[in-house]
>>> print(open('structure32.pdb').read())   # PDB, C-alpha atoms
ATOM      1  CA  MET A 371     105.418 120.324 114.447
ATOM      2  CA  ILE A 372     106.544 116.739 114.914
ATOM      3  CA  ASP A 373     108.531 114.862 117.532
ATOM      4  CA  PHE A 374     110.370 111.546 117.752
ATOM      5  CA  SER A 375     107.240 109.589 118.670
ATOM      6  CA  ASP A 376     105.507 110.806 115.486
ATOM      7  CA  ILE A 377     108.322 109.368 113.379
ATOM      8  CA  GLN A 378     108.260 106.078 115.284
ATOM      9  CA  ALA A 379     104.492 105.847 114.736
ATOM     10  CA  ALA A 380     104.928 106.575 111.028
ATOM     11  CA  GLN A 381     107.535 103.835 110.771
ATOM     12  CA  ARG A 382     105.111 101.311 112.269
ATOM     13  CA  ARG A 383     102.365 102.313 109.819
ATOM     14  CA  ILE A 384     104.466 102.240 106.655
ATOM     15  CA  GLN A 385     106.983  99.452 107.250
ATOM     16  CA  GLY A 386     104.960  96.929 105.250
ATOM     17  CA  PHE A 387     104.826  99.272 102.235
ATOM     18  CA  ILE A 388     108.442 100.474 101.790
ATOM     19  CA  TYR A 389     112.004  99.197 101.533
ATOM     20  CA  GLN A 390     114.765  99.783 104.053
ATOM     21  CA  THR A 391     117.191 101.254 101.530
ATOM     22  CA  PRO A 392     120.953 100.545 101.554
ATOM     23  CA  LEU A 393     123.554 102.731 103.256
ATOM     24  CA  GLU A 394     126.596 102.107 101.048
ATOM     25  CA  GLU A 395     130.106 103.486 101.344
ATOM     26  CA  LEU A 396     131.125 106.031  98.711
ATOM     27  CA  ARG A 397     133.821 104.267  96.665
ATOM     28  CA  PHE A 398     135.310 107.187  94.728
ATOM     29  CA  TRP A 399     135.447 110.876  95.481
ATOM     30  CA  PRO A 400     134.287 113.100  92.587
ATOM     31  CA  GLY A 401     137.320 113.931  90.487
ATOM     32  CA  GLU A 402     139.469 111.190  92.007
ATOM     33  CA  LYS A 403     140.003 107.648  90.800
ATOM     34  CA  ASN A 404     140.127 105.919  94.158
ATOM     35  CA  ALA A 405     138.669 107.090  97.450
ATOM     36  CA  ARG A 406     141.002 104.981  99.612
ATOM     37  CA  THR A 407     144.113 106.279  97.842
ATOM     38  CA  GLU A 408     142.873 109.835  98.195
ATOM     39  CA  THR A 409     142.277 109.299 101.901
ATOM     40  CA  GLU A 410     145.870 108.163 102.375
ATOM     41  CA  SER A 411     147.202 111.246 100.566
ATOM     42  CA  LEU A 412     145.115 113.478 102.845
ATOM     43  CA  ARG A 413     146.648 111.840 105.911
ATOM     44  CA  ASP A 414     150.072 112.694 104.537
ATOM     45  CA  ASN A 415     149.021 116.318 104.051
ATOM     46  CA  PRO A 416     147.067 117.527 107.112
ATOM     47  CA  VAL A 417     146.894 121.053 105.711
ATOM     48  CA  ASP A 418     144.484 119.793 103.053
ATOM     49  CA  GLN A 419     141.012 120.222 104.571
ATOM     50  CA  ARG A 420     138.966 118.440 101.917
ATOM     51  CA  PRO A 421     136.544 115.771 103.173
ATOM     52  CA  ARG A 422     137.858 112.220 103.442
ATOM     53  CA  PRO A 423     135.905 109.992 101.053
ATOM     54  CA  GLY A 424     136.316 106.834 103.125
ATOM     55  CA  ASN A 425     134.061 108.394 105.769
ATOM     56  CA  TYR A 426     131.123 108.902 103.415
ATOM     57  CA  TYR A 427     128.054 106.701 102.954
ATOM     58  CA  LEU A 428     125.194 107.018 100.482
ATOM     59  CA  LYS A 429     121.644 106.505 101.737
ATOM     60  CA  LEU A 430     120.111 105.214  98.512
ATOM     61  CA  GLU A 431     116.517 106.388  98.477
ATOM     62  CA  SER A 432     116.993 106.238  94.704
ATOM     63  CA  GLN A 433     116.355 102.506  95.206
ATOM     64  CA  GLN A 434     113.159 103.059  97.186
ATOM     65  CA  LYS A 435     109.773 102.062  95.749
ATOM     66  CA  THR A 436     108.808 104.582  93.040
ATOM     67  CA  ARG A 437     112.571 105.405  93.085
ATOM     68  CA  SER A 438     112.125 108.227  95.583
ATOM     69  CA  PHE A 439     111.946 108.906  99.327
ATOM     70  CA  LYS A 440     108.561 110.543  98.763
ATOM     71  CA  VAL A 441     106.740 107.227  99.073
ATOM     72  CA  ARG A 442     107.487 107.233 102.817
ATOM     73  CA  GLY A 443     105.585 110.452 103.411
ATOM     74  CA  ALA A 444     102.771 109.473 101.074
ATOM     75  CA  PHE A 445     102.082 106.225 102.907
ATOM     76  CA  SER A 446     102.442 107.935 106.276
ATOM     77  CA  LYS A 447      99.774 110.487 105.344
ATOM     78  CA  LEU A 448      97.355 108.165 103.566
ATOM     79  CA  THR A 449      97.451 105.483 106.279
ATOM     80  CA  SER A 450      96.555 108.165 108.842
ATOM     81  CA  LEU A 451      93.312 109.203 107.079
ATOM     82  CA  SER A 452      89.844 108.444 108.378
ATOM     83  CA  ASP A 453      87.564 106.092 106.430
ATOM     84  CA  ARG A 454      85.549 109.097 105.255
ATOM     85  CA  GLU A 455      88.657 110.898 103.991
ATOM     86  CA  LYS A 456      89.854 107.785 102.186
ATOM     87  CA  LYS A 457      86.507 107.512 100.407
ATOM     88  CA  THR A 458      86.498 111.200  99.410
ATOM     89  CA  GLY A 459      89.987 111.062  97.892
ATOM     90  CA  VAL A 460      93.207 113.038  97.924
ATOM     91  CA  LEU A 461      94.958 115.677  95.839
ATOM     92  CA  ALA A 462      98.644 116.486  95.495
ATOM     93  CA  VAL A 463     100.684 119.019  93.542
ATOM     94  CA  SER A 464     104.042 117.809  92.355
ATOM     95  CA  SER A 465     106.829 118.181  89.817
ATOM     96  CA  GLY A 466     106.976 114.393  89.746
ATOM     97  CA  ASN A 467     108.202 112.302  92.651
ATOM     98  CA  HIS A 468     105.647 113.342  95.264
ATOM     99  CA  GLY A 469     102.886 112.852  92.719
ATOM    100  CA  ALA A 470     104.148 109.384  91.802
ATOM    101  CA  ALA A 471     104.366 108.457  95.476
ATOM    102  CA  VAL A 472     100.832 109.650  96.239
ATOM    103  CA  SER A 473      99.550 107.882  93.137
ATOM    104  CA  TYR A 474     101.261 104.631  94.129
ATOM    105  CA  ALA A 475     100.154 104.743  97.770
ATOM    106  CA  ALA A 476      96.593 105.701  96.843
ATOM    107  CA  SER A 477      96.408 102.809  94.399
ATOM    108  CA  LEU A 478      97.485 100.238  96.987
ATOM    109  CA  LEU A 479      95.149 101.687  99.608
ATOM    110  CA  GLU A 480      92.277 102.061  97.079
ATOM    111  CA  ILE A 481      91.942 105.820  97.562
ATOM    112  CA  PRO A 482      90.945 108.106  94.628
ATOM    113  CA  ALA A 483      93.781 110.524  93.771
ATOM    114  CA  ILE A 484      94.365 113.610  91.600
ATOM    115  CA  VAL A 485      97.863 114.974  90.977
ATOM    116  CA  VAL A 486      98.410 118.497  89.616
ATOM    117  CA  VAL A 487     101.751 118.990  87.828
ATOM    118  CA  PRO A 488     103.253 122.189  86.326
ATOM    119  CA  GLU A 489     103.733 122.379  82.571
ATOM    120  CA  PRO A 490     107.573 121.966  82.595
ATOM    121  CA  THR A 491     107.352 118.584  84.378
ATOM    122  CA  PRO A 492     109.344 115.922  82.460
ATOM    123  CA  GLN A 493     107.134 113.531  80.520
ATOM    124  CA  SER A 494     108.857 110.584  82.180
ATOM    125  CA  LYS A 495     107.510 111.710  85.557
ATOM    126  CA  ILE A 496     104.017 112.394  84.246
ATOM    127  CA  LYS A 497     104.024 108.933  82.707
ATOM    128  CA  LEU A 498     105.054 107.426  86.038
ATOM    129  CA  ILE A 499     102.273 109.195  87.953
ATOM    130  CA  ARG A 500      99.673 107.955  85.486
ATOM    131  CA  HIS A 501     101.156 104.463  85.559
ATOM    132  CA  TYR A 502     100.308 104.155  89.254
ATOM    133  CA  GLY A 503      96.704 105.164  88.650
ATOM    134  CA  ALA A 504      96.126 108.787  89.659
ATOM    135  CA  GLU A 505      94.380 111.332  87.461
ATOM    136  CA  VAL A 506      96.981 113.856  86.227
ATOM    137  CA  ARG A 507      96.106 117.502  85.570
ATOM    138  CA  VAL A 508      98.825 119.611  83.906
ATOM    139  CA  ILE A 509      98.286 123.164  85.152
ATOM    140  CA  GLY A 510     100.525 126.204  85.615
ATOM    141  CA  ARG A 511     103.688 127.642  84.072
ATOM    142  CA  ASP A 512     105.778 126.682  87.106
ATOM    143  CA  TYR A 513     105.454 125.001  90.488
ATOM    144  CA  ASN A 514     104.296 128.161  92.253
ATOM    145  CA  GLU A 515     101.338 128.594  89.888
ATOM    146  CA  ALA A 516     100.499 124.887  89.961
ATOM    147  CA  HIS A 517     100.484 125.017  93.773
ATOM    148  CA  ARG A 518      98.005 127.907  93.824
ATOM    149  CA  ARG A 519      95.672 126.224  91.344
ATOM    150  CA  ALA A 520      95.863 122.894  93.157
ATOM    151  CA  HIS A 521      94.573 124.482  96.353
ATOM    152  CA  GLN A 522      91.617 125.905  94.439
ATOM    153  CA  ILE A 523      90.750 122.452  93.080
ATOM    154  CA  GLN A 524      91.121 120.887  96.520
ATOM    155  CA  GLU A 525      88.638 123.332  98.021
ATOM    156  CA  GLU A 526      86.176 123.058  95.133
ATOM    157  CA  GLU A 527      86.145 119.252  95.138
ATOM    158  CA  GLU A 528      86.551 118.872  98.933
ATOM    159  CA  LEU A 529      89.572 116.577  98.665
ATOM    160  CA  VAL A 530      92.286 115.905 101.244
ATOM    161  CA  PHE A 531      95.405 117.862 100.295
ATOM    162  CA  VAL A 532      98.667 115.920 100.629
ATOM    163  CA  ASP A 533     101.273 118.633 101.032
ATOM    164  CA  PRO A 534     104.811 117.467 100.152
ATOM    165  CA  CYS A 535     106.499 119.900 102.535
ATOM    166  CA  SER A 536     104.217 121.114 105.303
ATOM    167  CA  ASP A 537     102.153 118.166 106.493
ATOM    168  CA  PRO A 538     103.115 116.631 109.870
ATOM    169  CA  GLU A 539     102.335 113.073 108.763
ATOM    170  CA  VAL A 540     104.317 113.472 105.535
ATOM    171  CA  ILE A 541     107.318 114.927 107.384
ATOM    172  CA  ALA A 542     107.153 112.128 109.943
ATOM    173  CA  GLY A 543     107.177 109.571 107.146
ATOM    174  CA  GLN A 544     110.253 111.118 105.543
ATOM    175  CA  GLY A 545     111.877 111.157 108.978
ATOM    176  CA  THR A 546     112.016 107.363 108.975
ATOM    177  CA  ILE A 547     115.105 107.760 106.778
ATOM    178  CA  GLY A 548     116.865 109.178 109.825
ATOM    179  CA  LEU A 549     115.835 106.185 111.932
ATOM    180  CA  GLU A 550     117.258 103.811 109.330
ATOM    181  CA  ILE A 551     120.544 105.705 108.948
ATOM    182  CA  MET A 552     121.238 105.657 112.675
ATOM    183  CA  ASP A 553     120.281 101.990 112.916
ATOM    184  CA  GLN A 554     122.462 101.021 109.946
ATOM    185  CA  ASN A 555     125.479 102.991 111.197
ATOM    186  CA  PRO A 556     125.256 104.258 114.805
ATOM    187  CA  GLY A 557     128.604 106.029 114.294
ATOM    188  CA  ILE A 558     127.186 108.562 111.826
ATOM    189  CA  GLN A 559     128.041 112.109 112.954
ATOM    190  CA  THR A 560     126.854 114.164 109.966
ATOM    191  CA  ILE A 561     123.934 113.816 107.542
ATOM    192  CA  LEU A 562     123.788 115.770 104.271
ATOM    193  CA  VAL A 563     120.342 116.288 102.755
ATOM    194  CA  PRO A 564     118.943 117.968  99.606
ATOM    195  CA  VAL A 565     116.570 120.834 100.373
ATOM    196  CA  GLY A 566     113.746 122.221  98.272
ATOM    197  CA  GLY A 567     110.531 123.037 100.088
ATOM    198  CA  GLY A 568     111.986 121.435 103.194
ATOM    199  CA  GLY A 569     109.745 118.410 103.650
ATOM    200  CA  LEU A 570     112.625 115.920 103.866
ATOM    201  CA  ILE A 571     115.257 117.363 106.157
ATOM    202  CA  PRO A 572     113.390 118.257 109.407
ATOM    203  CA  GLY A 573     112.068 114.733 109.961
ATOM    204  CA  ILE A 574     115.495 113.225 109.350
ATOM    205  CA  SER A 575     116.997 115.688 111.826
ATOM    206  CA  VAL A 576     114.415 115.000 114.548
ATOM    207  CA  ALA A 577     114.987 111.256 114.179
ATOM    208  CA  ALA A 578     118.782 111.400 114.105
ATOM    209  CA  LYS A 579     119.250 114.010 116.842
ATOM    210  CA  SER A 580     116.774 112.242 119.114
ATOM    211  CA  ILE A 581     118.998 109.163 118.892
ATOM    212  CA  ARG A 582     122.332 111.003 118.924
ATOM    213  CA  PRO A 583     122.050 114.698 119.896
ATOM    214  CA  ASP A 584     125.480 115.678 118.556
ATOM    215  CA  VAL A 585     124.673 114.627 114.972
ATOM    216  CA  GLN A 586     125.014 117.484 112.488
ATOM    217  CA  VAL A 587     122.293 117.771 109.843
ATOM    218  CA  ILE A 588     123.260 120.011 106.927
ATOM    219  CA  GLY A 589     121.049 120.907 104.003
ATOM    220  CA  PHE A 590     122.090 121.886 100.481
ATOM    221  CA  GLN A 591     119.981 123.909  98.070
ATOM    222  CA  THR A 592     120.464 124.876  94.432
ATOM    223  CA  GLU A 593     121.565 128.443  93.793
ATOM    224  CA  ALA A 594     118.778 128.601  91.207
ATOM    225  CA  CYS A 595     116.148 128.683  93.959
ATOM    226  CA  PRO A 596     117.633 129.287  97.448
ATOM    227  CA  ALA A 597     114.254 129.743  99.118
ATOM    228  CA  MET A 598     115.101 128.116 102.454
ATOM    229  CA  ILE A 599     118.510 129.813 102.648
ATOM    230  CA  ARG A 600     116.985 133.253 102.169
ATOM    231  CA  ALA A 601     114.040 132.485 104.450
ATOM    232  CA  LEU A 602     116.379 131.610 107.316
ATOM    233  CA  ALA A 603     118.767 134.502 106.649
ATOM    234  CA  GLU A 604     115.915 137.020 106.571
ATOM    235  CA  ASP A 605     113.632 135.250 109.066
ATOM    236  CA  LYS A 606     110.898 135.511 106.458
ATOM    237  CA  PHE A 607     108.548 132.773 105.260
ATOM    238  CA  TYR A 608     108.671 132.398 101.467
ATOM    239  CA  GLU A 609     105.688 130.333 100.370
ATOM    240  CA  GLU A 610     106.716 131.247  96.824
ATOM    241  CA  TYR A 611     110.175 132.143  95.551
ATOM    242  CA  PRO A 612     111.602 133.244  92.169
ATOM    243  CA  ILE A 613     112.859 130.354  90.056
ATOM    244  CA  GLU A 614     115.857 130.464  87.700
ATOM    245  CA  ASP A 615     116.708 127.816  85.122
ATOM    246  CA  SER A 616     117.655 124.586  86.881
ATOM    247  CA  ILE A 617     118.004 120.864  86.270
ATOM    248  CA  CYS A 618     116.634 120.329  89.792
ATOM    249  CA  ASP A 619     112.943 120.402  88.942
ATOM    250  CA  ALA A 620     112.003 118.670  92.211
ATOM    251  CA  LEU A 621     113.532 121.426  94.378
ATOM    252  CA  LEU A 622     111.974 124.550  92.903
ATOM    253  CA  GLY A 623     109.461 126.884  94.523
ATOM    254  CA  GLY A 624     108.876 128.177  98.016
ATOM    255  CA  VAL A 625     109.252 126.490 101.381
ATOM    256  CA  GLY A 626     106.740 124.805 103.646
ATOM    257  CA  ARG A 627     105.512 126.592 106.756
ATOM    258  CA  ILE A 628     106.338 123.716 109.130
ATOM    259  CA  PRO A 629     109.901 123.185 107.811
ATOM    260  CA  PHE A 630     110.507 126.937 108.023
ATOM    261  CA  GLU A 631     109.404 126.990 111.654
ATOM    262  CA  MET A 632     111.363 123.847 112.552
ATOM    263  CA  ALA A 633     114.584 124.807 110.778
ATOM    264  CA  PRO A 634     116.168 127.115 113.411
ATOM    265  CA  GLU A 635     115.975 124.385 116.066
ATOM    266  CA  TRP A 636     116.700 121.300 113.987
ATOM    267  CA  LEU A 637     118.976 122.288 111.085
ATOM    268  CA  ASP A 638     122.638 123.054 111.648
ATOM    269  CA  GLU A 639     123.087 124.801 108.305
ATOM    270  CA  VAL A 640     121.647 125.146 104.801
ATOM    271  CA  LEU A 641     124.170 125.949 102.062
ATOM    272  CA  PRO A 642     123.898 126.808  98.343
ATOM    273  CA  VAL A 643     125.244 124.567  95.573
ATOM    274  CA  SER A 644     125.927 125.648  91.991
ATOM    275  CA  GLU A 645     124.168 124.005  89.070
ATOM    276  CA  GLU A 646     127.610 123.139  87.653
ATOM    277  CA  ASN A 647     128.581 121.181  90.770
ATOM    278  CA  ILE A 648     125.210 119.422  90.768
ATOM    279  CA  ARG A 649     125.808 118.271  87.192
ATOM    280  CA  LYS A 650     129.295 117.028  88.044
ATOM    281  CA  ALA A 651     128.080 115.137  91.117
ATOM    282  CA  LEU A 652     125.268 113.529  89.143
ATOM    283  CA  LEU A 653     127.542 112.345  86.353
ATOM    284  CA  HIS A 654     130.073 111.062  88.871
ATOM    285  CA  LEU A 655     127.440 109.092  90.742
ATOM    286  CA  ILE A 656     126.179 107.453  87.558
ATOM    287  CA  ALA A 657     129.509 106.921  85.780
ATOM    288  CA  GLU A 658     131.795 106.036  88.710
ATOM    289  CA  GLU A 659     129.533 104.752  91.491
ATOM    290  CA  LYS A 660     127.152 103.040  89.040
ATOM    291  CA  ILE A 661     124.169 104.504  90.896
ATOM    292  CA  MET A 662     121.250 105.978  88.963
ATOM    293  CA  ALA A 663     120.054 109.256  90.457
ATOM    294  CA  GLU A 664     118.263 112.431  89.447
ATOM    295  CA  PRO A 665     119.760 115.941  89.695
ATOM    296  CA  SER A 666     117.724 116.983  92.744
ATOM    297  CA  ALA A 667     118.945 113.921  94.630
ATOM    298  CA  VAL A 668     122.671 114.645  94.573
ATOM    299  CA  LEU A 669     122.949 118.037  96.256
ATOM    300  CA  GLY A 670     124.525 116.537  99.373
ATOM    301  CA  LEU A 671     127.286 114.968  97.304
ATOM    302  CA  ALA A 672     127.653 118.132  95.214
ATOM    303  CA  GLY A 673     128.027 120.300  98.296
ATOM    304  CA  ALA A 674     130.113 117.994 100.477
ATOM    305  CA  GLY A 675     133.417 119.321  99.190
ATOM    306  CA  GLN A 676     132.661 122.941 100.057
ATOM    307  CA  THR A 677     132.396 122.631 103.832
ATOM    308  CA  ILE A 678     134.318 121.008 106.672
ATOM    309  CA  ILE A 679     132.401 117.929 107.777
ATOM    310  CA  LYS A 680     133.162 115.851 110.832
ATOM    311  CA  GLY A 681     133.321 112.091 111.180
ATOM    312  CA  GLU A 682     131.245 109.394 109.555
ATOM    313  CA  THR A 683     128.866 111.068 107.097
ATOM    314  CA  ALA A 684     125.649 109.916 105.440
ATOM    315  CA  ILE A 685     124.618 111.563 102.172
ATOM    316  CA  VAL A 686     120.953 111.154 101.307
ATOM    317  CA  ILE A 687     120.509 110.353  97.602
ATOM    318  CA  SER A 688     116.840 111.164  97.520
ATOM    319  CA  GLY A 689     115.635 109.855  94.153
ATOM    320  CA  GLY A 690     116.465 108.125  90.902
ATOM    321  CA  ASN A 691     113.796 109.254  88.440
ATOM    322  CA  ILE A 692     115.996 111.117  85.969
ATOM    323  CA  ASP A 693     114.460 112.061  82.648
ATOM    324  CA  GLY A 694     116.064 110.048  79.840
ATOM    325  CA  SER A 695     116.464 113.030  77.506
ATOM    326  CA  LEU A 696     118.202 115.040  80.235
ATOM    327  CA  LEU A 697     120.551 112.160  80.981
ATOM    328  CA  ARG A 698     121.569 111.865  77.329
ATOM    329  CA  LYS A 699     122.064 115.637  77.095
ATOM    330  CA  LEU A 700     124.308 115.754  80.170
ATOM    331  CA  PHE A 701     126.525 112.922  79.008
ATOM    332  CA  LEU A 702     126.903 114.507  75.572
ATOM    333  CA  GLU A 703     127.772 117.905  77.025
ATOM    334  CA  GLU A 704     130.145 116.861  79.801
ATOM    335  CA  ASP A 705     133.564 115.260  79.656
ATOM    336  CA  ILE A 706     133.249 112.549  82.305
ATOM    337  CA  ASN A 707     136.684 111.024  81.774
TER
END
>>> encode(input="structure32.pdb", output="structure tokens")
Amino acid sequence: MIDFSDIQAAQRRIQGFIYQTPLEELRFWPGEKNARTETESLRDNPVDQRPRPGNYYLKLESQQKTRSFKVRGAFSKLTSLSDREKKTGVLAVSSGNHGAAVSYAASLLEIPAIVVVPEPTPQSKIKLIRHYGAEVRVIGRDYNEAHRRAHQIQEEEELVFVDPCSDPEVIAGQGTIGLEIMDQNPGIQTILVPVGGGGLIPGISVAAKSIRPDVQVIGFQTEACPAMIRALAEDKFYEEYPIEDSICDALLGGVGRIPFEMAPEWLDEVLPVSEENIRKALLHLIAEEKIMAEPSAVLGLAGAGQTIIKGETAIVISGGNIDGSLLRKLFLEEDIN
């Protein structure tokens, strides 16, 4: 488990390696031409319970180094290692962003790194991991299989495993997003966060609620792999979970043990989002807001319209490493006008 002091310590260790990303107001609500005009119409019709776009802000981790929040956790973990561990090297399993972050951090800190990726990983993400210097091993039909094989390699080669979801130092590093949000806008009352294995949201919640206890932290998960939703509903830890077809490659698989154990205390709710709404939110963000993002990053925006949300709201846009072929396919298939 982690507490507020862990996140503060992580922030001190990593601040020279990362950006403080922008917290920008959402200009247009998906499906509407002008957020301000829509807000005025809602005031005239109090029966309409849709969220008010003028109260929404985008935390743009898509503009972070390596174009993903994952670099925060990677640097937090790697800067906490002993000299012996740094010399031995590290191993990560990733569908892309975590692997790129570990590769980048390891390169700067001169630590040997291996990243295991599942076979369906987009080539753009594999290319990025290799670009930063790590050895890439493509193993496993999906994330669950890659995760199992990665642990075998870690034990055989006696490497330090950098878990993307269930490592206290990684979670503390991701939690620095919460510190930044509350510093950038102390009036924030709700934070919306994408959820996959759960490594992002608990740290953000600890940071935000430690500063302002009444902040709501709500997670959103694709219907194609609702591992955290089912785990909480059934009070059952799902280290692996069945995966359906999804454009959210970064959010597939089971949940981390630490996020699962922290969730009842620190998360207000985790809700499902359809793949259709994820596509629409992604295209809106790119076409209307002029912000490049990847599908897994936009679940907060995709799910915002399906629940009543109070006050000033921050939506974490967690990454921007969209595969070029997927982007072209989406724009050809969807009518974005």
>>> resolve_selection(input="structure32.pdb", expression="the PyMOL selection byres ((chain A and resi 514) around 8)", output="PDB file with C-alpha atoms, keeping the file's coordinate frame")
ATOM      1  CA  GLY A 510     100.525 126.204  85.615  1.00  0.00           C
ATOM      2  CA  ASP A 512     105.778 126.682  87.106  1.00  0.00           C
ATOM      3  CA  TYR A 513     105.454 125.001  90.488  1.00  0.00           C
ATOM      4  CA  GLU A 515     101.338 128.594  89.888  1.00  0.00           C
ATOM      5  CA  ALA A 516     100.499 124.887  89.961  1.00  0.00           C
ATOM      6  CA  HIS A 517     100.484 125.017  93.773  1.00  0.00           C
ATOM      7  CA  ARG A 518      98.005 127.907  93.824  1.00  0.00           C
ATOM      8  CA  GLU A 610     106.716 131.247  96.824  1.00  0.00           C
ATOM      9  CA  TYR A 611     110.175 132.143  95.551  1.00  0.00           C
ATOM     10  CA  GLY A 623     109.461 126.884  94.523  1.00  0.00           C
ATOM     11  CA  GLY A 624     108.876 128.177  98.016  1.00  0.00           C
TER      12      GLY A 624
END
>>> resolve_selection(input="structure32.pdb", expression="the PyMOL selection byres ((chain A and resi 491) around 9)", output="PDB file with C-alpha atoms, keeping the file's coordinate frame")
ATOM      1  CA  SER A 464     104.042 117.809  92.355  1.00  0.00           C
ATOM      2  CA  SER A 465     106.829 118.181  89.817  1.00  0.00           C
ATOM      3  CA  GLY A 466     106.976 114.393  89.746  1.00  0.00           C
ATOM      4  CA  VAL A 487     101.751 118.990  87.828  1.00  0.00           C
ATOM      5  CA  PRO A 488     103.253 122.189  86.326  1.00  0.00           C
ATOM      6  CA  GLU A 489     103.733 122.379  82.571  1.00  0.00           C
ATOM      7  CA  PRO A 490     107.573 121.966  82.595  1.00  0.00           C
ATOM      8  CA  PRO A 492     109.344 115.922  82.460  1.00  0.00           C
ATOM      9  CA  GLN A 493     107.134 113.531  80.520  1.00  0.00           C
ATOM     10  CA  SER A 494     108.857 110.584  82.180  1.00  0.00           C
ATOM     11  CA  LYS A 495     107.510 111.710  85.557  1.00  0.00           C
ATOM     12  CA  ILE A 496     104.017 112.394  84.246  1.00  0.00           C
ATOM     13  CA  VAL A 508      98.825 119.611  83.906  1.00  0.00           C
ATOM     14  CA  ASP A 512     105.778 126.682  87.106  1.00  0.00           C
ATOM     15  CA  ASP A 619     112.943 120.402  88.942  1.00  0.00           C
TER      16      ASP A 619
END
>>> residues_around(input="structure32.pdb", residues="A:Ser438", least_positions_apart="4", cutoff="12 Å", atoms="all atoms listed in the file", output="ChimeraX atom specification")
/A:388-389,391,429-434,442-444,466-472,474,495,498,544,547,570,620,662-664,666-667,686-692
>>> residues_around(input="structure32.pdb", residues="A:Leu428", least_positions_apart="4", cutoff="7 Å", atoms="all atoms listed in the file", output="list in words")
Leu393, Glu394, Glu395, Leu396, Ala684, Ile685, Val686 and Ile687 of chain A
>>> closest_residue(input="structure32.pdb", among="A:Pro612, A:Gln554, A:Ala597, A:Met632", to="A:Ile571", atoms="all atoms listed in the file")
A:Met632
>>> resolve_selection(input="structure32.pdb", expression="the PyMOL selection byres ((chain A and resi 550) around 10)", output="mmCIF file with C-alpha atoms, in the frame of the given file")
data_model
loop_
_atom_site.group_PDB
_atom_site.id
_atom_site.type_symbol
_atom_site.label_atom_id
_atom_site.label_comp_id
_atom_site.auth_asym_id
_atom_site.auth_seq_id
_atom_site.Cartn_x
_atom_site.Cartn_y
_atom_site.Cartn_z
ATOM 1 C CA GLN A 381 107.535 103.835 110.771
ATOM 2 C CA GLN A 390 114.765 99.783 104.053
ATOM 3 C CA THR A 391 117.191 101.254 101.530
ATOM 4 C CA PRO A 392 120.953 100.545 101.554
ATOM 5 C CA LEU A 393 123.554 102.731 103.256
ATOM 6 C CA LYS A 429 121.644 106.505 101.737
ATOM 7 C CA GLY A 545 111.877 111.157 108.978
ATOM 8 C CA THR A 546 112.016 107.363 108.975
ATOM 9 C CA ILE A 547 115.105 107.760 106.778
ATOM 10 C CA GLY A 548 116.865 109.178 109.825
ATOM 11 C CA LEU A 549 115.835 106.185 111.932
ATOM 12 C CA ILE A 551 120.544 105.705 108.948
ATOM 13 C CA MET A 552 121.238 105.657 112.675
ATOM 14 C CA ASP A 553 120.281 101.990 112.916
ATOM 15 C CA GLN A 554 122.462 101.021 109.946
ATOM 16 C CA ASN A 555 125.479 102.991 111.197
ATOM 17 C CA PRO A 556 125.256 104.258 114.805
ATOM 18 C CA ILE A 574 115.495 113.225 109.350
ATOM 19 C CA ALA A 577 114.987 111.256 114.179
ATOM 20 C CA ALA A 578 118.782 111.400 114.105
#
>>> closest_residue(input="structure32.pdb", among="A:Ala504, A:Ile679, A:Val530, A:Val463", to="A:Ile558", atoms="all atoms listed in the file")
A:Ile679
>>> closest_residue(input="structure32.pdb", among="A:Ala594, A:Ala674, A:Val625, A:Ala476", to="A:Ala462", atoms="all atoms listed in the file")
A:Ala476
>>> closest_residue(input="structure32.pdb", among="A:Asp376, A:Asp533, A:Glu593, A:Asp615", to="A:Gly569", atoms="only C-alpha atoms")
A:Asp533
>>> closest_residue(input="structure32.pdb", among="A:Val565, A:Ala603, A:Val485, A:Val540", to="A:Leu622", atoms="all atoms listed in the file")
A:Val565
>>> atom_distance(input="structure32.pdb", atom1="atom CA of A:Thr436", atom2="atom CA of A:Thr592")
23.4 Å
